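Asker: Quick one: the structure is below, questions incoming.
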Amino acid sequence: MPFTLATWNINSIRLREGQVARLLQEQAPDVICLQECKSPVDKIPTETFAELGYRHMIARGDKGYNGVAILSRLPIKEVGAQDFAALGHARHIAGELENGVVIHNFYVPAGGDVPDREVNEKFGQKLDYLTEMRDWFHSDRPEKSILVGDLNIAPREDDVWSHKQLLKVVSHTPIEVEHLAETQDAGGWVDITRQDIPEGQLYSWWSYRARDWDAADKGRRLDHIWATTDIANAGHSSRILRDVRGWERPSDHAPVFASFDL
DNA sequence: ATGGTAGATCGTCTA
């Protein structure tokens, strides 16, 4: 069964309900994973999505912060929601499709501004979150699984506009990249986006603070689609919908897509 | 070195 998957940090699902609907209508993914919904689950506008055929939703929410949701045209059963680093935040949910494929949707902590856990507690929490992800996948190695989300790390030199200028900027520091690589290795995860698009600059996020984000193009690839090795070769057609970042009152993240023939 | 913008919520935190 071929299916198409999207991941998008929406930065308020209630404010951008119409943009989610537009993306679903224009691109028709079978499953979309959203992060930063910034809404209690019971205030997510599910009726709008159901009318478009997305009748299944699993979600976790905090009031005003965080929040992850999976909208699906296919039946999906929740199979867990981890609270790594004991933050008490809605940053993970996992669901299983009827074909047995498990989908993990993550919103990894951003980590604050200073890349030093001695002076910035949030940076330590980010590293701890990744370490606990690693240990979890190591103790229970995933199979037939897809992991997506805003991982808040751009691992490769060509995942940022300037490797040299971002080496000390949270999201691209060597220690974060190392932690992410360990998490990836522990689960046997393959980076599907880079499997499909191995060369060249690739970004999924551009700061709101730029005067002209498109012209400056100081982006980072913070949003990822991974799959376990047993299904990685079924992945194809990866793309990042940069145009969506140019919609009116946009999220600062563009949606990332991949398709799988399973 | 600093400040720039956005969202939830309504002073301030988070990104």
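Labels used: A, B, ... for chains in the order of the structure tokens, numbers from 1 for residues in each chain, and numbers from 1 for ligands as shown.
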Could the residues of chain B within 7 Å of chain A, counting only C-alpha atoms (C1' of nucleotides), be given as a PyMOL selection string, please?
Answerer: chain B and resi 4-6+8
Asker: Tell me, which residues of region 20-216 of chain A carry DSSP strand (DSSP E or B), written as a ChimeraX atom specification?
Answerer: /A:31-35,56-60,68-72,76-80,92-97,102-107,145-150,160,189-191,205-206
